[in-house]
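To be precise, the following lines are my_file_9.cif, and they hold mmCIF, C-alpha atoms and all ligand atoms.
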```cif
data_run
#
loop_
_atom_site.group_PDB
_atom_site.id
_atom_site.type_symbol
_atom_site.label_atom_id
_atom_site.label_comp_id
_atom_site.auth_asym_id
_atom_site.auth_seq_id
_atom_site.Cartn_x
_atom_site.Cartn_y
_atom_site.Cartn_z
ATOM 1 C CA MET A 177 16.182 -11.864 -14.220
ATOM 2 C CA PRO A 178 13.310 -14.372 -14.485
ATOM 3 C CA LEU A 179 10.527 -11.917 -15.296
ATOM 4 C CA GLN A 180 7.785 -13.136 -17.644
ATOM 5 C CA ASN A 181 7.329 -9.634 -18.915
ATOM 6 C CA ASP A 182 9.699 -6.708 -18.539
ATOM 7 C CA SER A 183 7.003 -4.247 -17.608
ATOM 8 C CA PRO A 184 3.893 -5.745 -16.050
ATOM 9 C CA VAL A 185 0.845 -3.488 -16.236
ATOM 10 C CA ILE A 186 -0.585 -2.604 -12.825
ATOM 11 C CA ALA A 187 -3.487 -0.335 -11.855
ATOM 12 C CA VAL A 188 -3.812 1.257 -8.443
ATOM 13 C CA VAL A 189 -7.272 2.485 -7.517
ATOM 14 C CA GLY A 190 -6.831 4.621 -4.449
ATOM 15 C CA SER A 191 -5.824 7.699 -2.552
ATOM 16 C CA LEU A 192 -3.400 10.529 -3.209
ATOM 17 C CA ASN A 193 -2.422 12.706 -0.239
ATOM 18 C CA ILE A 194 0.067 15.337 0.704
ATOM 19 C CA ASP A 195 1.912 14.147 3.810
ATOM 20 C CA LEU A 196 2.785 16.792 6.405
ATOM 21 C CA ILE A 197 5.279 15.005 8.623
ATOM 22 C CA ALA A 198 6.440 16.339 11.998
ATOM 23 C CA TYR A 199 9.301 14.501 13.676
ATOM 24 C CA THR A 200 9.353 14.605 17.459
ATOM 25 C CA GLU A 201 11.104 12.957 20.404
ATOM 26 C CA ARG A 202 7.678 12.160 21.849
ATOM 27 C CA VAL A 203 4.076 12.997 20.975
ATOM 28 C CA PRO A 204 2.293 15.722 22.982
ATOM 29 C CA ASP A 205 -0.355 15.024 25.624
ATOM 30 C CA ALA A 206 -3.821 16.602 25.288
ATOM 31 C CA GLY A 207 -3.528 20.369 25.759
ATOM 32 C CA GLU A 208 0.267 20.263 25.562
ATOM 33 C CA THR A 209 2.541 22.049 23.065
ATOM 34 C CA ILE A 210 5.980 20.604 22.400
ATOM 35 C CA ILE A 211 8.853 21.528 20.087
ATOM 36 C CA GLY A 212 9.469 19.073 17.233
ATOM 37 C CA THR A 213 12.820 18.155 15.724
ATOM 38 C CA ASP A 214 12.111 18.289 11.971
ATOM 39 C CA PHE A 215 9.345 18.739 9.371
ATOM 40 C CA ARG A 216 8.929 17.406 5.853
ATOM 41 C CA MET A 217 6.189 17.768 3.313
ATOM 42 C CA GLY A 218 5.977 14.896 0.867
ATOM 43 C CA PHE A 219 3.786 12.921 -1.484
ATOM 44 C CA GLY A 220 1.702 10.179 0.062
ATOM 45 C CA GLY A 221 -1.638 8.450 0.139
ATOM 46 C CA LYS A 222 -1.651 4.687 0.394
ATOM 47 C CA GLY A 223 -2.713 4.306 -3.233
ATOM 48 C CA ALA A 224 -0.111 6.665 -4.669
ATOM 49 C CA ASN A 225 2.615 5.179 -2.476
ATOM 50 C CA GLN A 226 1.878 1.676 -3.722
ATOM 51 C CA ALA A 227 1.836 2.941 -7.313
ATOM 52 C CA VAL A 228 5.229 4.616 -6.890
ATOM 53 C CA MET A 229 6.821 1.515 -5.340
ATOM 54 C CA ALA A 230 5.546 -0.703 -8.186
ATOM 55 C CA ALA A 231 6.824 1.828 -10.741
ATOM 56 C CA ARG A 232 10.273 2.049 -9.102
ATOM 57 C CA LEU A 233 10.584 -1.717 -9.573
ATOM 58 C CA GLY A 234 9.802 -1.369 -13.270
ATOM 59 C CA GLY A 235 6.017 -1.743 -13.484
ATOM 60 C CA ARG A 236 3.900 0.165 -16.005
ATOM 61 C CA VAL A 237 1.604 1.697 -13.449
ATOM 62 C CA SER A 238 -1.614 3.674 -13.823
ATOM 63 C CA MET A 239 -3.187 5.552 -10.934
ATOM 64 C CA VAL A 240 -6.973 5.881 -10.668
ATOM 65 C CA GLY A 241 -8.125 8.480 -8.153
ATOM 66 C CA ALA A 242 -9.004 12.125 -7.620
ATOM 67 C CA LEU A 243 -7.325 15.379 -6.623
ATOM 68 C CA GLY A 244 -8.889 18.695 -5.639
ATOM 69 C CA ASP A 245 -8.574 22.143 -7.214
ATOM 70 C CA ASP A 246 -5.881 23.363 -4.809
ATOM 71 C CA VAL A 247 -2.131 23.885 -5.133
ATOM 72 C CA TYR A 248 -1.481 20.329 -3.925
ATOM 73 C CA ALA A 249 -3.161 18.889 -7.020
ATOM 74 C CA GLY A 250 -0.683 20.412 -9.466
ATOM 75 C CA MET A 251 2.256 19.354 -7.305
ATOM 76 C CA THR A 252 0.910 15.808 -7.154
ATOM 77 C CA PHE A 253 0.381 15.553 -10.920
ATOM 78 C CA ASP A 254 3.991 16.719 -11.404
ATOM 79 C CA ASN A 255 5.175 14.110 -8.919
ATOM 80 C CA LEU A 256 3.293 11.287 -10.649
ATOM 81 C CA ASP A 257 4.870 12.379 -13.910
ATOM 82 C CA ARG A 258 8.372 12.344 -12.356
ATOM 83 C CA GLN A 259 7.702 8.902 -10.900
ATOM 84 C CA GLY A 260 6.595 7.510 -14.262
ATOM 85 C CA VAL A 261 3.076 6.765 -13.009
ATOM 86 C CA ASP A 262 0.327 7.382 -15.569
ATOM 87 C CA ALA A 263 -2.174 9.907 -14.179
ATOM 88 C CA ALA A 264 -4.638 9.952 -17.095
ATOM 89 C CA HIS A 265 -7.307 8.495 -14.807
ATOM 90 C CA VAL A 266 -6.781 10.882 -11.893
ATOM 91 C CA ALA A 267 -9.736 13.286 -11.922
ATOM 92 C CA ARG A 268 -9.783 16.884 -10.679
ATOM 93 C CA VAL A 269 -12.776 17.728 -8.512
ATOM 94 C CA PRO A 270 -13.772 20.916 -6.686
ATOM 95 C CA GLY A 271 -12.444 21.277 -3.147
ATOM 96 C CA SER A 272 -9.285 20.221 -1.351
ATOM 97 C CA SER A 273 -6.958 17.332 -2.163
ATOM 98 C CA GLY A 274 -6.318 14.659 0.453
ATOM 99 C CA VAL A 275 -3.891 15.584 3.233
ATOM 100 C CA ALA A 276 -2.281 13.561 6.002
ATOM 101 C CA PRO A 277 -0.781 15.240 9.082
ATOM 102 C CA ILE A 278 1.692 12.683 10.464
ATOM 103 C CA TRP A 279 3.711 12.533 13.698
ATOM 104 C CA VAL A 280 6.830 10.374 13.759
ATOM 105 C CA GLU A 281 8.453 9.665 17.133
ATOM 106 C CA ALA A 282 12.093 8.821 17.805
ATOM 107 C CA GLY A 283 12.318 5.129 16.926
ATOM 108 C CA GLY A 284 10.260 5.599 13.781
ATOM 109 C CA GLN A 285 6.703 4.880 14.968
ATOM 110 C CA ASN A 286 4.059 7.048 13.315
ATOM 111 C CA ARG A 287 0.567 8.374 13.975
ATOM 112 C CA ILE A 288 -1.471 9.475 10.961
ATOM 113 C CA ILE A 289 -4.705 11.410 10.455
ATOM 114 C CA VAL A 290 -6.014 11.242 6.898
ATOM 115 C CA VAL A 291 -8.376 14.010 5.751
ATOM 116 C CA PRO A 292 -9.664 12.473 2.491
ATOM 117 C CA GLY A 293 -10.883 15.562 0.571
ATOM 118 C CA ALA A 294 -11.042 14.643 -3.125
ATOM 119 C CA ASN A 295 -10.331 10.967 -2.360
ATOM 120 C CA ASP A 296 -13.956 10.663 -1.260
ATOM 121 C CA ARG A 297 -15.107 11.753 -4.693
ATOM 122 C CA VAL A 298 -13.664 9.125 -7.013
ATOM 123 C CA ASP A 299 -16.421 7.974 -9.351
ATOM 124 C CA PRO A 300 -17.095 4.179 -9.413
ATOM 125 C CA ASP A 301 -18.077 4.066 -13.097
ATOM 126 C CA ALA A 302 -15.036 6.090 -14.105
ATOM 127 C CA ALA A 303 -12.793 3.753 -12.072
ATOM 128 C CA ALA A 304 -14.268 0.669 -13.746
ATOM 129 C CA ASP A 305 -13.925 2.259 -17.200
ATOM 130 C CA ALA A 306 -10.322 3.184 -16.424
ATOM 131 C CA VAL A 307 -9.443 -0.411 -15.557
ATOM 132 C CA ARG A 308 -11.240 -1.696 -18.670
ATOM 133 C CA SER A 309 -9.178 0.671 -20.814
ATOM 134 C CA MET A 310 -5.844 -0.791 -19.628
ATOM 135 C CA ALA A 311 -4.658 -3.344 -22.148
ATOM 136 C CA GLY A 312 -2.887 -6.275 -20.552
ATOM 137 C CA VAL A 313 -3.464 -5.208 -16.954
ATOM 138 C CA ARG A 314 -2.183 -7.991 -14.666
ATOM 139 C CA ALA A 315 -2.977 -6.666 -11.185
ATOM 140 C CA VAL A 316 -5.325 -4.096 -9.685
ATOM 141 C CA ILE A 317 -4.636 -2.849 -6.154
ATOM 142 C CA GLY A 318 -7.102 -1.165 -3.777
ATOM 143 C CA GLN A 319 -7.046 0.177 -0.209
ATOM 144 C CA LEU A 320 -9.642 1.813 2.060
ATOM 145 C CA GLU A 321 -8.847 5.526 1.692
ATOM 146 C CA ILE A 322 -11.439 5.909 -1.067
ATOM 147 C CA PRO A 323 -15.052 4.656 -0.900
ATOM 148 C CA GLN A 324 -15.282 0.868 -1.005
ATOM 149 C CA ARG A 325 -17.904 0.981 -3.768
ATOM 150 C CA VAL A 326 -15.261 2.496 -6.090
ATOM 151 C CA THR A 327 -12.808 -0.334 -5.410
ATOM 152 C CA LEU A 328 -15.618 -2.845 -5.836
ATOM 153 C CA ALA A 329 -16.455 -1.478 -9.304
ATOM 154 C CA ALA A 330 -12.776 -1.469 -10.303
ATOM 155 C CA PHE A 331 -12.190 -5.012 -9.007
ATOM 156 C CA ARG A 332 -15.238 -6.327 -10.880
ATOM 157 C CA ALA A 333 -13.814 -4.829 -14.079
ATOM 158 C CA ALA A 334 -10.406 -6.328 -13.249
ATOM 159 C CA ARG A 335 -11.917 -9.773 -12.739
ATOM 160 C CA ASP A 336 -13.593 -9.581 -16.163
ATOM 161 C CA LEU A 337 -10.125 -8.986 -17.637
ATOM 162 C CA GLY A 338 -8.502 -11.813 -15.677
ATOM 163 C CA ALA A 339 -6.319 -9.437 -13.624
ATOM 164 C CA ALA A 340 -5.435 -10.284 -10.012
ATOM 165 C CA THR A 341 -7.211 -8.109 -7.428
ATOM 166 C CA ILE A 342 -5.238 -7.179 -4.327
ATOM 167 C CA LEU A 343 -7.007 -5.542 -1.389
ATOM 168 C CA ASN A 344 -4.987 -3.815 1.328
ATOM 169 C CA PRO A 345 -7.693 -3.019 3.928
ATOM 170 C CA ALA A 346 -5.965 0.071 5.296
ATOM 171 C CA PRO A 347 -6.821 2.069 7.266
ATOM 172 C CA ALA A 348 -8.750 -0.562 9.210
ATOM 173 C CA ALA A 349 -12.512 -0.596 8.600
ATOM 174 C CA SER A 350 -15.189 -3.216 8.308
ATOM 175 C CA LEU A 351 -15.371 -4.570 4.791
ATOM 176 C CA ASP A 352 -18.236 -4.746 2.333
ATOM 177 C CA PRO A 353 -18.657 -8.533 1.845
ATOM 178 C CA ALA A 354 -19.109 -7.914 -1.904
ATOM 179 C CA LEU A 355 -15.639 -6.344 -2.052
ATOM 180 C CA LEU A 356 -14.090 -9.237 -0.170
ATOM 181 C CA ALA A 357 -15.788 -11.627 -2.597
ATOM 182 C CA VAL A 358 -14.037 -10.088 -5.636
ATOM 183 C CA SER A 359 -10.594 -9.836 -4.012
ATOM 184 C CA ASP A 360 -7.971 -12.459 -4.878
ATOM 185 C CA TRP A 361 -5.579 -11.340 -2.141
ATOM 186 C CA LEU A 362 -6.288 -9.715 1.213
ATOM 187 C CA ILE A 363 -3.245 -8.035 2.799
ATOM 188 C CA PRO A 364 -3.999 -6.698 6.301
ATOM 189 C CA ASN A 365 -1.653 -5.978 9.197
ATOM 190 C CA GLU A 366 -2.486 -7.263 12.667
ATOM 191 C CA THR A 367 -4.851 -4.404 13.602
ATOM 192 C CA GLU A 368 -6.677 -4.523 10.295
ATOM 193 C CA LEU A 369 -7.029 -8.295 10.480
ATOM 194 C CA GLY A 370 -8.639 -8.076 13.930
ATOM 195 C CA LEU A 371 -11.143 -5.507 12.772
ATOM 196 C CA ILE A 372 -12.091 -7.372 9.614
ATOM 197 C CA ALA A 373 -12.326 -10.720 11.378
ATOM 198 C CA GLY A 374 -14.374 -9.209 14.218
ATOM 199 C CA GLU A 375 -11.987 -10.636 16.835
ATOM 200 C CA ARG A 376 -8.318 -10.368 17.696
ATOM 201 C CA ILE A 377 -6.388 -13.136 15.952
ATOM 202 C CA ASP A 378 -3.118 -14.205 17.564
ATOM 203 C CA LEU A 379 -0.604 -14.039 14.723
ATOM 204 C CA ASP A 380 1.436 -16.831 16.317
ATOM 205 C CA ASP A 381 -1.585 -19.126 16.279
ATOM 206 C CA ASP A 382 -1.519 -21.007 12.961
ATOM 207 C CA ALA A 383 -4.849 -22.704 13.639
ATOM 208 C CA ALA A 384 -6.600 -19.354 14.167
ATOM 209 C CA LEU A 385 -5.091 -17.922 10.972
ATOM 210 C CA LEU A 386 -6.062 -21.028 8.993
ATOM 211 C CA ARG A 387 -9.593 -20.905 10.408
ATOM 212 C CA TYR A 388 -10.099 -17.288 9.401
ATOM 213 C CA ALA A 389 -8.452 -17.739 5.982
ATOM 214 C CA GLY A 390 -10.747 -20.704 5.340
ATOM 215 C CA SER A 391 -13.799 -18.517 5.935
ATOM 216 C CA ILE A 392 -13.020 -15.907 3.244
ATOM 217 C CA ALA A 393 -12.651 -16.007 -0.535
ATOM 218 C CA PRO A 394 -9.297 -14.236 -1.000
ATOM 219 C CA ARG A 395 -5.862 -15.614 -0.144
ATOM 220 C CA LEU A 396 -4.729 -14.155 3.178
ATOM 221 C CA LEU A 397 -1.310 -12.516 3.449
ATOM 222 C CA VAL A 398 -0.668 -10.837 6.798
ATOM 223 C CA THR A 399 2.090 -8.284 7.248
ATOM 224 C CA LEU A 400 3.945 -8.693 10.546
ATOM 225 C CA GLY A 401 6.049 -5.512 10.630
ATOM 226 C CA GLU A 402 9.649 -6.222 11.606
ATOM 227 C CA ARG A 403 8.837 -9.955 11.683
ATOM 228 C CA GLY A 404 8.084 -10.098 7.944
ATOM 229 C CA ALA A 405 4.843 -11.596 6.626
ATOM 230 C CA ALA A 406 2.715 -14.737 6.780
ATOM 231 C CA VAL A 407 1.099 -16.310 3.719
ATOM 232 C CA VAL A 408 -1.798 -18.520 4.760
ATOM 233 C CA ARG A 409 -2.145 -21.545 2.491
ATOM 234 C CA ASP A 410 -4.780 -24.322 2.476
ATOM 235 C CA ASP A 411 -3.218 -26.242 5.314
ATOM 236 C CA LEU A 412 -0.180 -24.305 6.507
ATOM 237 C CA VAL A 413 1.039 -20.839 7.396
ATOM 238 C CA ASP A 414 4.201 -19.891 5.540
ATOM 239 C CA ARG A 415 6.088 -17.300 7.632
ATOM 240 C CA ILE A 416 8.684 -15.290 5.728
ATOM 241 C CA PRO A 417 11.023 -13.333 8.006
ATOM 242 C CA ALA A 418 12.446 -9.848 7.461
ATOM 243 C CA ASP A 419 16.102 -8.894 7.744
ATOM 244 C CA ARG A 420 16.896 -6.859 10.848
ATOM 245 C CA VAL A 421 17.231 -3.112 10.137
ATOM 246 C CA THR A 422 17.314 0.029 12.289
ATOM 247 C CA PRO A 423 14.149 1.995 11.485
ATOM 248 C CA VAL A 424 14.132 5.788 11.390
ATOM 249 C CA ASP A 425 10.617 6.255 9.943
ATOM 250 C CA THR A 426 8.082 3.490 9.319
ATOM 251 C CA THR A 427 5.639 5.719 7.393
ATOM 252 C CA GLY A 428 4.615 4.083 4.117
ATOM 253 C CA ALA A 429 6.425 0.785 4.781
ATOM 254 C CA GLY A 430 3.183 -1.175 4.465
ATOM 255 C CA ASP A 431 2.551 0.510 1.120
ATOM 256 C CA ALA A 432 6.053 -0.370 -0.094
ATOM 257 C CA PHE A 433 5.230 -3.988 0.771
ATOM 258 C CA VAL A 434 1.926 -3.983 -1.126
ATOM 259 C CA GLY A 435 3.291 -2.160 -4.202
ATOM 260 C CA ALA A 436 6.292 -4.476 -4.442
ATOM 261 C CA PHE A 437 4.219 -7.614 -3.827
ATOM 262 C CA ALA A 438 1.779 -6.581 -6.574
ATOM 263 C CA PHE A 439 4.679 -5.925 -8.934
ATOM 264 C CA GLY A 440 6.140 -9.357 -8.178
ATOM 265 C CA LEU A 441 2.822 -11.088 -8.691
ATOM 266 C CA ALA A 442 2.109 -9.196 -11.925
ATOM 267 C CA ALA A 443 5.625 -9.983 -13.157
ATOM 268 C CA GLY A 444 4.987 -13.690 -12.673
ATOM 269 C CA LEU A 445 7.585 -14.170 -9.948
ATOM 270 C CA GLY A 446 5.360 -16.477 -7.878
ATOM 271 C CA ASP A 447 3.787 -15.579 -4.570
ATOM 272 C CA VAL A 448 6.677 -16.474 -2.249
ATOM 273 C CA VAL A 449 9.207 -14.426 -4.233
ATOM 274 C CA ALA A 450 6.648 -11.603 -4.494
ATOM 275 C CA VAL A 451 6.276 -11.644 -0.694
ATOM 276 C CA ARG A 452 10.074 -11.609 -0.263
ATOM 277 C CA LEU A 453 10.249 -8.629 -2.609
ATOM 278 C CA GLY A 454 7.541 -6.898 -0.562
ATOM 279 C CA ILE A 455 9.388 -7.509 2.687
ATOM 280 C CA ALA A 456 12.741 -6.369 1.286
ATOM 281 C CA SER A 457 11.187 -3.182 -0.147
ATOM 282 C CA ALA A 458 9.422 -2.360 3.133
ATOM 283 C CA SER A 459 12.519 -3.064 5.254
ATOM 284 C CA ASP A 460 14.593 -0.889 2.962
ATOM 285 C CA SER A 461 12.062 1.971 3.195
ATOM 286 C CA VAL A 462 12.117 2.245 6.996
ATOM 287 C CA THR A 463 15.813 3.129 6.910
ATOM 288 C CA ARG A 464 14.993 6.478 5.239
ATOM 289 C CA HIS A 465 12.739 9.387 6.212
ATOM 290 C CA GLY A 466 9.425 10.268 4.597
ATOM 291 C CA THR A 467 6.907 8.239 2.640
ATOM 292 C CA GLN A 468 7.589 7.975 -1.118
ATOM 293 C CA SER A 469 10.906 9.705 -0.446
ATOM 294 C CA SER A 470 11.942 6.687 1.641
ATOM 295 C CA TYR A 471 11.495 4.195 -1.206
ATOM 296 C CA ALA A 472 14.375 2.662 -3.119
ATOM 297 C CA SER A 473 15.372 4.709 -6.165
ATOM 298 C CA PRO A 474 14.860 2.980 -9.545
ATOM 299 C CA ASP A 475 18.529 1.872 -9.476
ATOM 300 C CA GLN A 476 18.281 0.631 -5.895
ATOM 301 C CA ALA A 477 14.980 -1.079 -6.723
ATOM 302 C CA ARG A 478 16.577 -2.852 -9.688
ATOM 303 C CA GLU A 479 19.372 -4.052 -7.436
ATOM 304 C CA LEU A 480 16.868 -5.208 -4.815
ATOM 305 C CA LEU A 481 14.820 -7.022 -7.460
ATOM 306 C CA GLY A 482 17.930 -8.736 -8.795
ATOM 307 C CA ARG A 483 18.897 -9.841 -5.285
ATOM 308 C CA ILE A 484 15.451 -11.264 -4.493
ATOM 309 C CA ALA A 485 14.318 -12.565 -7.870
ATOM 310 C CA GLY A 486 17.578 -13.028 -9.728
ATOM 311 C CA GLY A 487 18.302 -16.439 -8.174
HETATM 312 O O1 LIG B 1 0.583 4.471 4.678
HETATM 313 C C1 LIG B 1 1.112 5.774 4.773
HETATM 314 C C2 LIG B 1 0.175 6.736 4.149
HETATM 315 O O2 LIG B 1 -1.022 6.775 4.900
HETATM 316 C C3 LIG B 1 0.665 8.155 4.115
HETATM 317 O O3 LIG B 1 1.306 8.469 2.917
HETATM 318 C C4 LIG B 1 -0.607 8.972 4.337
HETATM 319 O O4 LIG B 1 -0.898 9.842 3.295
HETATM 320 C C5 LIG B 1 -1.698 7.957 4.552
HETATM 321 O O5 LIG B 1 -2.385 7.698 3.402
#
```
Translate the structure of the given file into structure tokens.
Ligand code: RIB
Amino acid sequence: MPLQNDSPVIAVVGSLNIDLIAYTERVPDAGETIIGTDFRMGFGGKGANQAVMAARLGGRVSMVGALGDDVYAGMTFDNLDRQGVDAAHVARVPGSSGVAPIWVEAGGQNRIIVVPGANDRVDPDAAADAVRSMAGVRAVIGQLEIPQRVTLAAFRAARDLGAATILNPAPAASLDPALLAVSDWLIPNETELGLIAGERIDLDDDAALLRYAGSIAPRLLVTLGERGAAVVRDDLVDRIPADRVTPVDTTGAGDAFVGAFAFGLAAGLGDVVAVRLGIASASDSVTRHGTQSSYASPDQARELLGRIAGG
């Protein structure tokens, strides 16, 4: 396998949630009660999901974040340990941990409400110190489920160390220009791209994508759901398709993409192979239920990595 380093070091600065997933044929109208078909509690949070995906592929991953002083915190620390994700930089703060009630309809589409709890209380200085303490860190990933000033501090520290900074602006929110300025990669989906750009951008319109990409510092990589992803280069848009799969639950697929892409980049696979790895990991995840529980096992991830990167 053409990896430059067997275990690239990756830091994820972001959220940890407990996902409370209700499966239903259809979502209820206002004031309506309906009977669901299934329920699962699982480990989630965009940050933690991305960390777990990168670790399943073989990354040495550290999580930087915060949990509360409730029962969910202990469960989450145990989960990080099982997943092989270093939690030395996950703080415990008073109050509740992050939770995410999620509805998944037949066909796999989801609706998510994130209640951040402890995620709102990650300390910027502690996050920057955590990144600085990671010898050989190659990539630092951030999302928008913790305050942007925390990610900004961590990305500045990452830049000083020469690590790649990867911003997944999810859930959609307007971005601090300072954070955009220290991001090497920006990975939005269609909705997030529209909000950040301040206008809807037609994803089939190469000229519009090139125009927007030319106006920002980071490289633009747009996820297109079942259509794969588009890497916007200086003068062309490179569209990389996804294999057709039958989705049962799309929750966390975007995070599988980002975690796998970051792993690929940190492992020196090159951006196109890293994007292919992201797409394959996301497509694989939608064929199983849950969030982290839907991700390829370490054995399956090794097989997937060999298929994509093994040549
Ligand atoms: O992207 C899916 C994730 O969004 C879930 O795990 C949920 O916790 C929210 O963070």
task: All residues within 6 Å of ligand LIG 1 (chain B) are required, counting all atoms listed in the file; please report them as JSON, numbers by chain.
output: {"A": [193, 195, 220, 221, 222, 276, 290, 427, 428, 431, 467]}
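Picture a line from atom CA of A:Tyr248 to atom CA of A:Thr209; it runs 27.3 Å.
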6 Å contact set for A:Asn295, only C-alpha atoms, chain neighbours under 4 positions out, as number ranges by chain: A: 191, 242, 322
field: Selection under test: the PyMOL selection byres (((chain A and resi 343) around 8) and not hetatm); residues as a ChimeraX atom specification
entry: /A:317-319,341-342,344-345,359-363
List the residues matched by the PyMOL selection byres (((chain A and resi 435) around 8) and not hetatm) in the displayed structure as a compact mmCIF listing (two decimals) with C-alpha atoms, in the coordinates of the input, ordered by chain and then by residue number.
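Just written: part.txt:
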```
# COMPACT_ATOMS: atom_id res chain seq x y z
CA ASN A 225 2.62 5.18 -2.48
CA GLN A 226 1.88 1.68 -3.72
CA ALA A 227 1.84 2.94 -7.31
CA VAL A 228 5.23 4.62 -6.89
CA MET A 229 6.82 1.52 -5.34
CA ALA A 230 5.55 -0.70 -8.19
CA ASP A 431 2.55 0.51 1.12
CA ALA A 432 6.05 -0.37 -0.09
CA PHE A 433 5.23 -3.99 0.77
CA VAL A 434 1.93 -3.98 -1.13
CA ALA A 436 6.29 -4.48 -4.44
CA PHE A 437 4.22 -7.61 -3.83
CA ALA A 438 1.78 -6.58 -6.57
CA PHE A 439 4.68 -5.92 -8.93
CA GLY A 454 7.54 -6.90 -0.56
```
field: Residues within 8 Å of A:Ala231, all atoms listed in the file, excluding chain neighbours under 5 positions, as a PyMOL selection string
entry: chain A and resi 236-237+259-261
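Minimum atom-to-atom distance to A:Leu356, evaluated using only C-alpha atoms, belongs to A:Ala393 out of A:Ala393, A:Ile278, A:Leu379, A:Ile194.
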message: On this structure, the PyMOL selection byres (((chain A and resi 281) around 12) and not hetatm) would catch which residues? List them as a list in words, sorted by chain and number.
response: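 Selection result, ordered by chain and number: Ile197, Ala198, Tyr199, Thr200, Glu201, Arg202, Val203, Pro204, Gly212, Thr213, Asp214, Phe215, Ile278, Trp279, Val280, Ala282, Gly283, Gly284, Gln285, Asn286, Arg287, Ile288, Pro423, Val424, Asp425, Thr426, Thr427 and His465 of chain A.
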query: So what do you get for atom CA of A:Gly190 versus atom CA of A:Gly466, distance-wise?
result: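 Atom-to-atom, atom CA of A:Gly190 to atom CA of A:Gly466, that is 19.4 Å.
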- request: Please provide as a VMD selection string all residues within 9 Å of A:Arg297, with the sequence filter that same-chain residues fewer than 2 positions apart are discarded (counting only C-alpha atoms).
  value: chain A and resid 241 to 243 269 293 to 295 299 322 to 323
message: Residues proximal to (9.8, 1.9, -0.3) were defined as those with any atom within 6 Å of that point in the file's coordinates, counting all atoms listed in the file. Which are they, as a list in words?
response: Met229, Ala432, Ser457, Ala458, Ser461, Ser470, Tyr471 and Ala472 of chain A
field: Distance of atom CA of A:Asp305 from atom CA of A:Ala348, expressed in Å to one decimal place
entry: 27.1 Å
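For the set A:Leu441, A:Val188, A:Ile484, A:Ala354, the residue with the smallest atom-to-atom gap to A:Leu453 is A:Ile484, counting only C-alpha atoms.
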Once 5 Å is added on each side, what are the centre and the three edge lengths, in Å to one decimal, of the axis-aligned box enclosing the listed atoms of stretch 336-350 of chain A? Present them as lines of an AutoDock Vina configuration file.
```
center_x = -10.1
center_y = -4.9
center_z = -4.2
size_x = 20.2
size_y = 23.9
size_z = 36.8
```
Residue contacts of A:Arg452 (9 Å, all atoms listed in the file) excluding same-chain residues fewer than 3 positions away, as a ChimeraX atom specification: /A:404-405,416-418,437,447-449,455-457,484-485
